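Structure data follow from data-v3.txt (compact mmCIF, C-alpha atoms):
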# COMPACT_ATOMS: atom_id res chain seq x y z
CA MET W 266 0.00 0.00 0.00
CA MET W 267 1.14 3.51 -0.69
CA MET W 268 2.03 5.53 2.37
CA LEU W 269 -0.09 8.63 2.60
CA VAL W 270 0.13 11.57 4.93
CA ARG W 271 -2.00 11.88 8.04
CA ARG W 272 -2.00 8.08 8.28
CA THR W 273 -4.76 7.79 5.67
CA PRO W 274 -3.97 4.29 4.39
CA SER W 275 -4.04 3.46 0.72
CA VAL W 276 -6.02 6.48 -0.46
CA LEU W 277 -4.37 6.40 -3.87
CA GLY W 278 -4.67 2.62 -4.04
CA ALA W 279 -8.36 2.78 -3.24
CA TRP W 280 -8.83 5.53 -5.80
CA THR W 281 -7.26 3.54 -8.60
CA ARG W 282 -8.97 0.26 -7.64
CA LYS W 283 -12.44 1.80 -7.54
CA ARG W 284 -11.75 4.06 -10.54
CA CYS W 285 -13.63 6.96 -8.96
CA ILE W 286 -13.74 8.99 -12.15
CA ARG W 287 -15.14 12.49 -11.65
CA PRO W 288 -16.10 14.95 -14.38
CA PHE W 289 -13.88 17.99 -14.93
CA SER W 290 -14.49 20.84 -17.30
CA SER W 291 -11.25 22.81 -17.17
CA THR W 292 -9.45 20.83 -19.91
CA PRO W 293 -10.39 18.34 -22.65
CA ALA W 294 -9.48 15.45 -20.31
CA ALA W 295 -13.08 14.99 -19.19
CA LYS W 296 -12.59 11.82 -17.15
CA ALA W 297 -9.31 12.35 -15.35
CA ASP W 298 -8.73 11.10 -11.83
CA PHE W 299 -7.01 14.39 -10.90
CA THR W 300 -6.80 17.85 -12.36
CA HIS W 301 -3.12 18.26 -11.47
CA VAL W 302 -0.45 15.74 -10.58
CA VAL W 303 2.77 17.16 -9.15
CA ILE W 304 5.72 14.76 -9.24
CA GLY W 305 8.20 15.33 -6.42
CA GLY W 306 7.57 16.11 -2.74
CA GLY W 307 10.46 18.44 -2.03
CA VAL W 308 9.93 22.02 -0.93
CA ILE W 309 9.27 23.23 -4.50
CA GLY W 310 6.85 20.41 -5.26
CA LEU W 311 5.01 21.05 -2.00
CA ALA W 312 4.78 24.79 -2.66
CA THR W 313 3.59 24.16 -6.21
CA ALA W 314 0.97 21.61 -5.16
CA ARG W 315 -0.20 24.02 -2.45
CA ALA W 316 -0.61 26.86 -4.96
CA LEU W 317 -2.57 24.68 -7.38
CA ALA W 318 -4.81 23.21 -4.68
CA GLN W 319 -5.52 26.61 -3.14
CA HIS W 320 -6.43 28.00 -6.55
CA SER W 321 -8.77 25.08 -7.14
CA SER W 322 -10.40 25.37 -3.71
CA SER W 323 -11.10 29.06 -4.29
CA SER W 324 -12.33 28.69 -7.87
CA SER W 325 -15.75 27.79 -9.18
CA SER W 326 -14.59 24.28 -10.12
CA ALA W 327 -15.37 22.35 -6.96
CA SER W 328 -14.39 19.08 -8.68
CA SER W 329 -10.79 20.18 -9.29
CA SER W 330 -8.17 18.12 -7.44
CA THR W 331 -4.39 17.95 -6.97
CA LEU W 332 -2.22 14.93 -6.21
CA LEU W 333 1.40 15.11 -5.04
CA LEU W 334 3.56 12.04 -5.71
CA GLU W 335 6.75 11.42 -3.71
CA ARG W 336 8.93 8.36 -4.32
CA HIS W 337 10.40 8.28 -0.81
CA ALA W 338 8.66 7.39 2.45
CA SER W 339 8.79 11.02 3.65
CA ILE W 340 8.59 14.44 2.07
CA GLY W 341 11.70 16.47 1.35
CA THR W 342 14.43 13.91 1.99
CA GLU W 343 16.75 14.92 -0.85
CA THR W 344 18.01 18.40 -1.76
CA SER W 345 15.31 20.15 0.29
CA SER W 346 16.65 18.82 3.58
CA ARG W 347 20.36 18.68 2.72
CA ASN W 348 21.31 22.29 2.18
CA SER W 349 22.39 25.39 4.11
CA GLU W 350 18.80 26.40 5.05
CA VAL W 351 19.61 29.96 4.00
CA ILE W 352 17.01 32.52 2.94
CA HIS W 353 18.80 34.27 0.10
CA ALA W 354 18.26 37.90 -0.87
CA GLY W 355 18.73 37.41 -4.64
CA LEU W 356 22.16 39.01 -5.07
CA TYR W 357 23.93 36.61 -7.36
CA TYR W 358 21.86 35.68 -10.38
CA GLY W 359 21.85 38.70 -12.67
CA PRO W 360 19.11 41.00 -13.96
CA GLY W 361 16.02 39.61 -15.63
CA THR W 362 16.51 35.98 -14.60
CA LEU W 363 13.96 33.72 -12.97
CA LYS W 364 16.45 33.00 -10.19
CA THR W 365 16.70 36.68 -9.30
CA ASP W 366 13.03 37.55 -9.68
CA LEU W 367 11.68 34.48 -7.91
CA CYS W 368 14.30 34.68 -5.15
CA ILE W 369 13.48 38.30 -4.31
CA ILE W 370 9.71 37.71 -4.39
CA GLY W 371 10.05 34.32 -2.76
CA GLY W 372 12.23 35.60 0.06
CA ASN W 373 9.61 38.15 1.03
CA ASP W 374 6.87 35.53 0.71
CA LEU W 375 8.88 33.12 2.81
CA TYR W 376 9.42 35.55 5.70
CA GLU W 377 5.70 36.38 5.68
CA PHE W 378 4.66 32.72 5.50
CA CYS W 379 7.00 31.67 8.31
CA ALA W 380 5.80 34.49 10.57
CA LYS W 381 2.17 33.61 9.89
CA ARG W 382 2.56 29.85 10.29
CA GLY W 383 5.04 29.86 13.17
CA VAL W 384 7.90 28.32 11.17
CA ALA W 385 11.21 28.93 12.91
CA HIS W 386 13.40 31.43 11.05
CA ARG W 387 15.66 34.40 11.67
CA LYS W 388 16.75 37.35 9.57
CA CYS W 389 20.34 37.18 10.78
CA GLY W 390 21.97 38.89 7.80
CA LYS W 391 24.96 37.86 5.72
CA TRP W 392 28.44 39.24 5.19
CA ILE W 393 30.30 38.69 1.94
CA VAL W 394 33.98 39.15 2.69
CA ALA W 395 36.80 40.13 0.34
CA ASN W 396 40.41 39.34 1.19
CA ASP W 397 42.26 40.61 -1.88
CA ASP W 398 41.88 43.26 -4.55
CA ASP W 399 40.32 40.93 -7.14
CA GLU W 400 37.64 39.90 -4.69
CA LEU W 401 36.99 43.52 -3.74
CA ARG W 402 36.45 44.43 -7.39
CA GLU W 403 33.88 41.65 -7.72
CA LEU W 404 32.23 42.79 -4.51
CA GLU W 405 32.00 46.36 -5.81
CA LYS W 406 30.39 45.07 -9.02
CA LEU W 407 27.89 43.09 -6.96
CA HIS W 408 27.01 46.08 -4.78
CA ASN W 409 26.52 48.34 -7.82
CA LEU W 410 24.37 45.71 -9.55
CA CYS W 411 22.16 45.36 -6.48
CA ARG W 412 21.91 49.12 -5.92
CA LYS W 413 21.33 50.20 -9.52
CA VAL W 414 19.63 47.26 -11.24
CA ILE W 415 18.17 44.33 -9.33
CA GLY W 416 17.28 45.92 -6.00
CA PRO W 417 18.24 43.71 -3.02
CA PRO W 418 19.59 46.06 -0.31
CA THR W 419 23.29 45.83 0.50
CA ARG W 420 25.62 48.08 2.46
CA TRP W 421 29.34 48.35 3.11
CA ILE W 422 30.56 47.51 6.61
CA GLY W 423 33.45 49.70 7.73
CA GLU W 424 36.60 48.29 9.31
CA TRP W 425 35.78 49.55 12.81
CA GLU W 426 32.20 48.25 12.70
CA ALA W 427 33.36 44.90 11.37
CA ARG W 428 35.80 44.49 14.25
CA GLN W 429 33.12 45.39 16.78
CA LEU W 430 30.50 43.02 15.37
CA GLU W 431 32.61 40.05 14.30
CA PRO W 432 36.15 40.36 15.68
CA ASP W 433 37.15 36.86 14.53
CA VAL W 434 36.19 37.36 10.88
CA ARG W 435 39.02 38.26 8.52
CA ALA W 436 38.08 40.64 5.69
CA VAL W 437 41.15 42.71 4.85
CA ALA W 438 39.75 44.16 1.62
CA GLY W 439 36.10 44.77 2.47
CA VAL W 440 32.75 43.53 3.79
CA LEU W 441 29.40 43.80 2.02
CA GLU W 442 26.32 43.11 4.11
CA SER W 443 23.07 41.63 2.86
CA TYR W 444 20.76 42.32 5.77
CA MET W 445 17.73 40.67 4.15
CA SER W 446 19.42 37.23 4.25
CA GLY W 447 18.45 34.75 6.91
CA ILE W 448 17.93 31.13 7.94
CA VAL W 449 14.89 28.89 8.15
CA ASP W 450 13.91 25.50 9.52
CA SER W 451 13.47 23.72 6.18
CA HIS W 452 11.64 20.74 7.68
CA GLY W 453 9.21 22.99 9.53
CA LEU W 454 8.63 24.92 6.32
CA MET W 455 7.81 21.76 4.38
CA VAL W 456 5.45 20.48 7.07
CA ALA W 457 3.60 23.82 7.01
CA LEU W 458 3.35 23.78 3.21
CA GLN W 459 2.07 20.22 3.31
CA GLY W 460 -0.54 21.21 5.90
CA GLU W 461 -1.88 24.04 3.75
CA PHE W 462 -1.91 21.76 0.69
CA GLU W 463 -3.97 19.16 2.51
CA ASP W 464 -6.24 21.80 4.03
CA ALA W 465 -7.06 22.86 0.45
CA GLY W 466 -8.07 19.30 -0.41
CA GLY W 467 -4.78 18.03 -1.82
CA VAL W 468 -3.64 14.42 -1.54
CA VAL W 469 -0.05 13.34 -0.83
CA ALA W 470 1.00 9.83 -1.92
CA LEU W 471 4.31 8.76 -0.40
CA ALA W 472 6.45 5.80 -1.50
CA SER W 473 4.99 6.32 -4.97
CA THR W 474 7.49 6.09 -7.83
CA VAL W 475 6.46 7.15 -11.32
CA THR W 476 7.62 4.48 -13.77
CA ASP W 477 5.87 5.54 -16.97
CA ILE W 478 4.11 8.62 -18.34
CA GLU W 479 1.99 8.62 -21.47
CA PRO W 480 0.65 11.86 -22.99
CA LEU W 481 -2.83 11.18 -24.33
CA LEU W 482 -4.48 12.59 -27.43
CA SER W 483 -7.94 14.08 -27.52
CA SER W 484 -10.52 13.35 -30.20
CA SER W 485 -10.05 16.85 -31.60
CA SER W 486 -6.28 17.32 -31.32
CA ARG W 487 -3.16 15.33 -32.12
CA VAL W 488 -1.00 17.32 -29.69
CA PRO W 489 0.42 15.09 -26.93
CA GLY W 490 -1.30 15.79 -23.64
CA SER W 491 -4.42 17.25 -25.24
CA GLY W 492 -6.34 14.26 -23.88
CA GLY W 493 -4.59 14.33 -20.51
CA TRP W 494 -1.84 12.18 -19.06
CA ARG W 495 -1.64 8.55 -17.96
CA LEU W 496 0.87 7.77 -15.19
CA THR W 497 2.00 4.36 -14.00
CA ILE W 498 3.03 4.41 -10.35
CA ARG W 499 4.87 1.73 -8.39
CA ASP W 500 4.23 1.31 -4.68
CA SER W 501 7.72 1.27 -3.14
CA ASN W 502 6.52 -0.92 -0.26
CA THR W 503 4.69 -3.66 -2.14
CA GLY W 504 6.10 -3.36 -5.67
CA GLU W 505 2.57 -3.23 -7.05
CA SER W 506 1.78 -0.83 -9.89
CA SER W 507 -1.33 1.22 -10.55
CA THR W 508 -2.38 3.68 -13.23
CA ILE W 509 -4.02 7.06 -12.89
CA GLU W 510 -4.98 9.79 -15.34
CA ALA W 511 -4.53 13.53 -14.90
CA GLU W 512 -5.45 16.58 -16.88
CA THR W 513 -2.03 18.17 -16.29
CA ILE W 514 1.34 17.22 -14.80
CA VAL W 515 4.15 19.14 -13.14
CA ASN W 516 7.64 17.67 -13.17
CA SER W 517 9.15 18.85 -9.89
CA ALA W 518 11.20 15.73 -9.27
CA GLY W 519 14.45 17.50 -8.33
CA LEU W 520 17.31 15.03 -8.65
CA GLY W 521 15.04 12.77 -10.72
CA ALA W 522 13.61 15.51 -12.94
CA ALA W 523 15.70 14.54 -15.98
CA ASP W 524 14.42 10.96 -15.70
CA ILE W 525 10.82 12.20 -15.71
CA HIS W 526 11.56 14.55 -18.63
CA ASN W 527 13.14 11.74 -20.63
CA MET W 528 10.28 9.40 -19.79
CA ILE W 529 7.95 11.84 -21.56
CA VAL W 530 10.01 12.89 -24.60
CA GLY W 531 11.98 9.67 -25.13
CA PRO W 532 9.46 7.57 -27.06
CA SER W 533 8.64 10.21 -29.69
CA GLN W 534 11.36 12.87 -29.45
CA PRO W 535 14.58 11.20 -28.25
CA GLU W 536 16.63 14.17 -29.46
CA LYS W 537 15.04 16.24 -26.67
CA LYS W 538 16.37 14.04 -23.89
CA THR W 539 18.37 15.89 -21.27
CA ARG W 540 20.61 15.25 -18.28
CA LEU W 541 21.49 16.87 -14.98
CA TYR W 542 24.91 17.37 -13.41
CA TYR W 543 25.13 16.50 -9.75
CA ALA W 544 27.10 18.90 -7.55
CA LYS W 545 27.73 17.25 -4.22
CA GLY W 546 28.29 19.59 -1.32
CA ASN W 547 30.03 18.39 1.84
CA TYR W 548 29.25 20.06 5.18
CA PHE W 549 31.33 20.05 8.36
CA SER W 550 30.05 20.92 11.83
CA TYR W 551 31.98 22.92 14.42
CA GLY W 552 31.94 21.89 18.07
CA ALA W 553 34.07 24.51 19.83
CA SER W 554 32.75 27.59 21.61
CA ALA W 555 35.23 29.90 19.90
CA PRO W 556 35.47 31.59 17.57
CA LYS W 557 31.79 32.52 17.70
CA VAL W 558 30.12 34.15 14.70
CA ARG W 559 26.54 35.47 14.75
CA ARG W 560 25.70 35.82 11.08
CA LEU W 561 26.26 34.11 7.75
CA ILE W 562 29.75 34.59 6.28
CA TYR W 563 30.31 34.03 2.57
CA PRO W 564 33.44 34.39 0.49
CA VAL W 565 33.25 36.37 -2.75
CA THR W 566 31.94 34.17 -5.56
CA MET W 567 34.09 34.60 -8.67
CA PRO W 568 32.53 34.44 -12.17
CA GLY W 569 32.05 30.93 -13.53
CA ALA W 570 32.13 29.21 -10.14
CA GLY W 571 30.01 26.08 -9.68
CA GLY W 572 28.83 27.21 -6.23
CA LEU W 573 28.83 30.19 -3.91
CA GLY W 574 31.95 29.00 -2.08
CA THR W 575 32.46 27.22 1.21
CA HIS W 576 30.62 29.50 3.58
CA LEU W 577 29.85 29.70 7.28
CA THR W 578 26.24 29.17 8.19
CA ILE W 579 24.53 29.07 11.55
CA ASP W 580 21.49 27.10 12.56
CA LEU W 581 18.64 28.41 14.67
CA ALA W 582 20.45 27.34 17.83
CA GLY W 583 23.52 29.35 16.82
CA ARG W 584 25.70 26.35 15.95
CA MET W 585 28.17 26.90 13.12
CA ARG W 586 28.82 24.68 10.13
CA PHE W 587 30.86 25.06 6.96
CA GLY W 588 29.99 24.14 3.38
CA PRO W 589 29.05 23.29 0.80
CA ASP W 590 32.00 22.75 -1.50
CA VAL W 591 31.53 21.50 -5.06
CA GLU W 592 32.31 17.89 -5.88
CA TRP W 593 30.94 16.59 -9.19
CA VAL W 594 29.48 13.09 -8.82
CA GLU W 595 27.64 10.70 -11.13
CA ASP W 596 25.46 9.13 -8.45
CA PRO W 597 22.85 11.43 -6.84
CA THR W 598 22.54 9.02 -3.92
CA ASP W 599 26.22 9.47 -2.96
CA LEU W 600 25.56 11.25 0.33
CA ALA W 601 28.58 10.23 2.42
CA VAL W 602 30.78 13.18 3.39
CA ASN W 603 33.97 12.96 1.35
CA MET W 604 36.87 13.45 3.74
CA SER W 605 39.27 13.98 0.84
CA GLN W 606 37.67 17.44 0.60
CA TYR W 607 38.62 18.26 4.19
CA ASP W 608 41.96 20.02 3.58
CA ALA W 609 40.50 22.22 0.84
CA MET W 610 37.58 23.10 3.10
CA VAL W 611 39.86 24.10 5.98
CA LYS W 612 42.00 26.22 3.65
CA ALA W 613 38.92 28.01 2.30
CA VAL W 614 37.49 28.65 5.76
CA LYS W 615 40.75 29.96 7.20
CA ARG W 616 40.81 32.74 4.63
CA TYR W 617 37.93 34.40 6.50
CA LEU W 618 38.07 32.69 9.92
CA PRO W 619 41.77 32.13 10.63
CA THR W 620 41.45 31.22 14.32
CA ILE W 621 39.22 28.21 13.77
CA ASP W 622 40.10 25.13 15.84
CA GLU W 623 40.57 22.32 13.32
CA SER W 624 40.15 19.66 16.01
CA ALA W 625 36.54 20.83 16.52
CA LEU W 626 35.55 20.16 12.90
CA ALA W 627 33.63 16.98 12.10
CA PRO W 628 31.88 15.62 9.01
CA ASP W 629 28.19 16.51 9.23
CA TYR W 630 26.20 15.73 6.08
CA ALA W 631 26.25 16.08 2.30
CA GLY W 632 23.68 17.22 -0.22
CA ILE W 633 23.32 17.07 -3.98
CA ARG W 634 22.37 20.02 -6.18
CA PRO W 635 20.80 19.20 -9.59
CA LYS W 636 22.48 21.50 -12.10
CA LEU W 637 22.02 22.04 -15.82
CA GLY W 638 25.78 22.47 -16.31
CA LYS W 639 29.10 22.36 -14.46
CA ALA W 640 29.44 26.08 -13.82
CA GLY W 641 27.39 29.20 -13.56
CA ALA W 642 26.31 29.55 -9.94
CA VAL W 643 26.21 33.32 -10.43
CA GLY W 644 24.94 35.52 -13.23
CA ALA W 645 28.36 37.09 -13.90
CA GLY W 646 30.71 35.26 -16.24
CA LYS W 647 30.08 32.39 -18.62
CA GLY W 648 28.05 29.27 -18.15
CA PHE W 649 25.20 30.61 -16.01
CA PHE W 650 22.07 28.46 -16.04
CA ASP W 651 18.74 29.88 -14.97
CA PHE W 652 15.85 27.87 -13.57
CA HIS W 653 14.04 25.95 -16.30
CA ILE W 654 10.35 26.45 -15.49
CA LYS W 655 8.26 26.11 -18.64
CA MET W 656 5.02 24.93 -20.11
CA GLU W 657 6.81 22.67 -22.59
CA GLU W 658 6.19 23.37 -26.28
CA GLY W 659 4.69 20.58 -28.33
CA PHE W 660 2.65 19.31 -25.40
CA VAL W 661 -0.50 20.34 -23.59
CA GLY W 662 -0.59 20.55 -19.81
CA TRP W 663 3.03 19.80 -18.90
CA VAL W 664 5.02 22.23 -16.78
CA ASN W 665 8.64 21.15 -16.51
CA LEU W 666 11.06 22.21 -13.76
CA LEU W 667 14.75 21.41 -14.32
CA GLY W 668 17.91 22.55 -12.56
CA MET W 669 16.04 23.51 -9.41
CA GLU W 670 19.03 24.17 -7.20
CA SER W 671 19.81 27.22 -5.08
CA PRO W 672 17.95 29.52 -4.53
CA GLY W 673 15.13 27.00 -4.81
CA LEU W 674 14.35 26.86 -1.08
CA THR W 675 14.07 30.64 -0.84
CA SER W 676 12.09 30.85 -4.07
CA SER W 677 9.77 27.92 -3.40
CA ILE W 678 6.55 29.79 -2.65
CA ALA W 679 7.08 32.17 -5.57
CA ILE W 680 7.86 29.21 -7.84
CA GLY W 681 4.59 27.58 -6.83
CA ASP W 682 2.67 30.74 -7.69
CA HIS W 683 4.57 31.04 -10.98
CA VAL W 684 3.64 27.48 -12.00
CA LYS W 685 0.01 28.12 -11.03
CA ASP W 686 0.02 31.21 -13.26
CA LEU W 687 1.37 29.18 -16.19
CA PHE W 688 -1.79 27.10 -15.99
CA TYR W 689 -4.33 29.77 -15.19
CA GLU W 690 -3.19 33.13 -16.60
Kindly present the structure from the file in structure tokens form.
Amino acid sequence: MMMLVRRTPSVLGAWTRKRCIRPFSSTPAAKADFTHVVIGGGVIGLATARALAQHSSSSSSASSSTLLLERHASIGTETSSRNSEVIHAGLYYGPGTLKTDLCIIGGNDLYEFCAKRGVAHRKCGKWIVANDDDELRELEKLHNLCRKVIGPPTRWIGEWEARQLEPDVRAVAGVLESYMSGIVDSHGLMVALQGEFEDAGGVVALASTVTDIEPLLSSSSRVPGSGGWRLTIRDSNTGESSTIEAETIVNSAGLGAADIHNMIVGPSQPEKKTRLYYAKGNYFSYGASAPKVRRLIYPVTMPGAGGLGTHLTIDLAGRMRFGPDVEWVEDPTDLAVNMSQYDAMVKAVKRYLPTIDESALAPDYAGIRPKLGKAGAVGAGKGFFDFHIKMEEGFVGWVNLLGMESPGLTSSIAIGDHVKDLFYE
């Protein structure tokens, strides 16, 4: 049986066995089991399913329904729970990109949502520290871009103020503060999003792996998806398979998004197959009481970098950790901390926190970021990849999300609203 939230046993199994077909009028798929099926129960999938379900519950179509499919036994066990838990301000991704726009909107939405729903968070601020002239030049470019073009507030921290606030932080060339940056309890956020999704009538099916997707044709159109979508789903607990039909689908499968994409395009358009590049990030915890830092500390990210650099983050209890680095791996399940990265991590950290006690560092966890290429974490330089969030051409009713890495957590609520608008505006 498929594991479903709120201990509602076998809801999806019962649905498919009884074939409770209900009439819908919003698309040509007149006898679909669900209006929307969202594949992937990470923070972005949850936020997207929530937005679609809330739209349906407030619209005139009382028969509209949304199903969220998650292949694991719990929500958000991959990238969504193995990251820095940082609320980004939108500094890095260049003007006119989805990453910038959705991060800025999403950050504001996230602070408001967390305050309303009691999700633990703190607007602790972030320092970006420069320790040579090249880094200072990049920091000046970033400050000017934020001030003149994209809008996130930043300010220079003077040498005296820096010493008073963070005496252990080394920043010989300059400090730029992003005071809108913060931290959030990612698990608490996902639980709250799930609660609002279910309150709007949504259904979560856990341990439910999509094994096949067939775009259907309508009687009046030969465009794939015009007659809805047929999904084959394997119960991870029993191995049994069942089939459902949906009017629309959203691929929000994160690390598995390329597999879902290829499942759809492969049979008829193999030239459109794609792949993701997996950037593993190793994190190390810090167990000593000194040095003590009270805000996020980031190095300057140089153009073309695959990540934002090994930074210092704090959790809601004030504990420090360092990461992530960038280690390219082929296996997205490779989640063991790679100790061969330790020396490079220590070297990177000591550039901005030279008094760190190496004996207090310990391997903590690792996460995988699904990237569209092996570079381009920032908008400056070559190789930048924006979020891929599109209603795919040549199909009806398929919104595809690829490369949903940072700042996906920050942007999640805005991404959900954006996907909803692709269907309804």
May I ask which of the residues W:Ala472, W:Leu458, W:Trp421, W:Gly467 is the closest one to Ala338 of chain W, counting all atoms listed in the file?
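Using all atoms listed in the file, Ala338 of chain W sits closest to W:Ala472.
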Please identify all polymer residues within 9 Å of segment 600-607 of chain W, counting all atoms listed in the file, omitting same-chain residues fewer than 2 positions from it, and present them as a PyMOL selection string.
chain W and resi 545-549+590+592+597-598+609-612+628-633
List the neighbours of Arg315 of chain W out to 12 Å using all atoms listed in the file; skip same-chain residues closer than 4 positions along the sequence, and give me the result as a ChimeraX atom specification.
/W:301-303,306,308-311,319-322,330-333,455-469,677-682,684-685
If we count all atoms listed in the file and set the cut-off at 7 Å, which residues sit around Val351 of chain W, ignoring sequence neighbours fewer than 2 positions away in its own chain? Please answer as a JSON list (two decimals) with C-alpha atoms, keeping the file's coordinate frame.
[["chain", "number", "residue", "atom", "x", "y", "z"],
["W", 349, "SER", "CA", 22.39, 25.39, 4.11],
["W", 353, "HIS", "CA", 18.80, 34.27, 0.10],
["W", 447, "GLY", "CA", 18.45, 34.75, 6.91],
["W", 448, "ILE", "CA", 17.93, 31.13, 7.94],
["W", 449, "VAL", "CA", 14.89, 28.89, 8.15]]
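Straight-line separation from atom CA of Pro480 of chain W to atom CA of Pro635 of chain W: 25.3 Å.
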Report, in Å with one decimal, the straight-line distance from atom CA of Ala518 of chain W to atom CA of Gly638 of chain W.
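Atom CA of Gly638 of chain W lies 17.5 Å from atom CA of Ala518 of chain W.
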Mind pulling up the distance from atom CA of Val394 of chain W to atom CA of Ala625 of chain W?
23.1 Å
Rebuild segment 539-545 of chain W to all heavy atoms - output it as a PDB file, keeping the file's coordinate frame, please.
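The file below, result_0.pdb, is the result:
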ATOM      1  N   THR W 539      17.445  15.002 -21.957  1.00  0.00           N
ATOM      2  CA  THR W 539      18.370  15.890 -21.270  1.00  0.00           C
ATOM      3  C   THR W 539      19.043  15.142 -20.127  1.00  0.00           C
ATOM      4  O   THR W 539      18.761  13.966 -19.867  1.00  0.00           O
ATOM      5  CB  THR W 539      17.631  17.126 -20.724  1.00  0.00           C
ATOM      6  OG1 THR W 539      18.582  18.099 -20.286  1.00  0.00           O
ATOM      7  CG2 THR W 539      16.710  16.768 -19.564  1.00  0.00           C
ATOM      8  N   ARG W 540      19.961  15.812 -19.456  1.00  0.00           N
ATOM      9  CA  ARG W 540      20.610  15.250 -18.280  1.00  0.00           C
ATOM     10  C   ARG W 540      20.862  16.350 -17.268  1.00  0.00           C
ATOM     11  O   ARG W 540      20.825  17.543 -17.596  1.00  0.00           O
ATOM     12  CB  ARG W 540      21.948  14.587 -18.648  1.00  0.00           C
ATOM     13  CG  ARG W 540      23.004  15.547 -19.150  1.00  0.00           C
ATOM     14  CD  ARG W 540      24.404  14.943 -19.049  1.00  0.00           C
ATOM     15  NE  ARG W 540      24.791  14.705 -17.660  1.00  0.00           N
ATOM     16  CZ  ARG W 540      25.981  14.224 -17.308  1.00  0.00           C
ATOM     17  NH1 ARG W 540      26.871  13.904 -18.218  1.00  0.00           N
ATOM     18  NH2 ARG W 540      26.266  14.050 -16.023  1.00  0.00           N
ATOM     19  N   LEU W 541      21.097  15.946 -16.029  1.00  0.00           N
ATOM     20  CA  LEU W 541      21.490  16.870 -14.980  1.00  0.00           C
ATOM     21  C   LEU W 541      22.900  16.535 -14.517  1.00  0.00           C
ATOM     22  O   LEU W 541      23.362  15.401 -14.652  1.00  0.00           O
ATOM     23  CB  LEU W 541      20.520  16.775 -13.796  1.00  0.00           C
ATOM     24  CG  LEU W 541      19.078  17.217 -14.054  1.00  0.00           C
ATOM     25  CD1 LEU W 541      18.201  16.903 -12.842  1.00  0.00           C
ATOM     26  CD2 LEU W 541      19.013  18.694 -14.382  1.00  0.00           C
ATOM     27  N   TYR W 542      23.573  17.544 -13.975  1.00  0.00           N
ATOM     28  CA  TYR W 542      24.910  17.370 -13.410  1.00  0.00           C
ATOM     29  C   TYR W 542      24.778  17.521 -11.899  1.00  0.00           C
ATOM     30  O   TYR W 542      24.175  18.472 -11.405  1.00  0.00           O
ATOM     31  CB  TYR W 542      25.871  18.416 -13.986  1.00  0.00           C
ATOM     32  CG  TYR W 542      26.041  18.293 -15.480  1.00  0.00           C
ATOM     33  CD1 TYR W 542      25.130  18.886 -16.359  1.00  0.00           C
ATOM     34  CD2 TYR W 542      27.101  17.569 -16.016  1.00  0.00           C
ATOM     35  CE1 TYR W 542      25.273  18.753 -17.733  1.00  0.00           C
ATOM     36  CE2 TYR W 542      27.259  17.443 -17.391  1.00  0.00           C
ATOM     37  CZ  TYR W 542      26.338  18.038 -18.236  1.00  0.00           C
ATOM     38  OH  TYR W 542      26.484  17.912 -19.606  1.00  0.00           O
ATOM     39  N   TYR W 543      25.350  16.576 -11.187  1.00  0.00           N
ATOM     40  CA  TYR W 543      25.130  16.500  -9.750  1.00  0.00           C
ATOM     41  C   TYR W 543      26.325  17.099  -9.000  1.00  0.00           C
ATOM     42  O   TYR W 543      27.431  16.552  -9.022  1.00  0.00           O
ATOM     43  CB  TYR W 543      24.898  15.058  -9.328  1.00  0.00           C
ATOM     44  CG  TYR W 543      23.710  14.428 -10.019  1.00  0.00           C
ATOM     45  CD1 TYR W 543      23.864  13.345 -10.877  1.00  0.00           C
ATOM     46  CD2 TYR W 543      22.433  14.948  -9.834  1.00  0.00           C
ATOM     47  CE1 TYR W 543      22.772  12.784 -11.515  1.00  0.00           C
ATOM     48  CE2 TYR W 543      21.337  14.397 -10.469  1.00  0.00           C
ATOM     49  CZ  TYR W 543      21.503  13.313 -11.317  1.00  0.00           C
ATOM     50  OH  TYR W 543      20.419  12.763 -11.949  1.00  0.00           O
ATOM     51  N   ALA W 544      26.084  18.221  -8.350  1.00  0.00           N
ATOM     52  CA  ALA W 544      27.100  18.900  -7.550  1.00  0.00           C
ATOM     53  C   ALA W 544      26.911  18.512  -6.092  1.00  0.00           C
ATOM     54  O   ALA W 544      25.980  18.968  -5.433  1.00  0.00           O
ATOM     55  CB  ALA W 544      27.006  20.410  -7.724  1.00  0.00           C
ATOM     56  N   LYS W 545      27.788  17.666  -5.614  1.00  0.00           N
ATOM     57  CA  LYS W 545      27.730  17.250  -4.220  1.00  0.00           C
ATOM     58  C   LYS W 545      28.390  18.319  -3.351  1.00  0.00           C
ATOM     59  O   LYS W 545      29.455  18.838  -3.685  1.00  0.00           O
ATOM     60  CB  LYS W 545      28.458  15.923  -4.043  1.00  0.00           C
ATOM     61  CG  LYS W 545      28.475  15.387  -2.611  1.00  0.00           C
ATOM     62  CD  LYS W 545      29.189  14.042  -2.572  1.00  0.00           C
ATOM     63  CE  LYS W 545      29.294  13.491  -1.169  1.00  0.00           C
ATOM     64  NZ  LYS W 545      29.993  12.181  -1.151  1.00  0.00           N
TER      65      LYS W 545
END
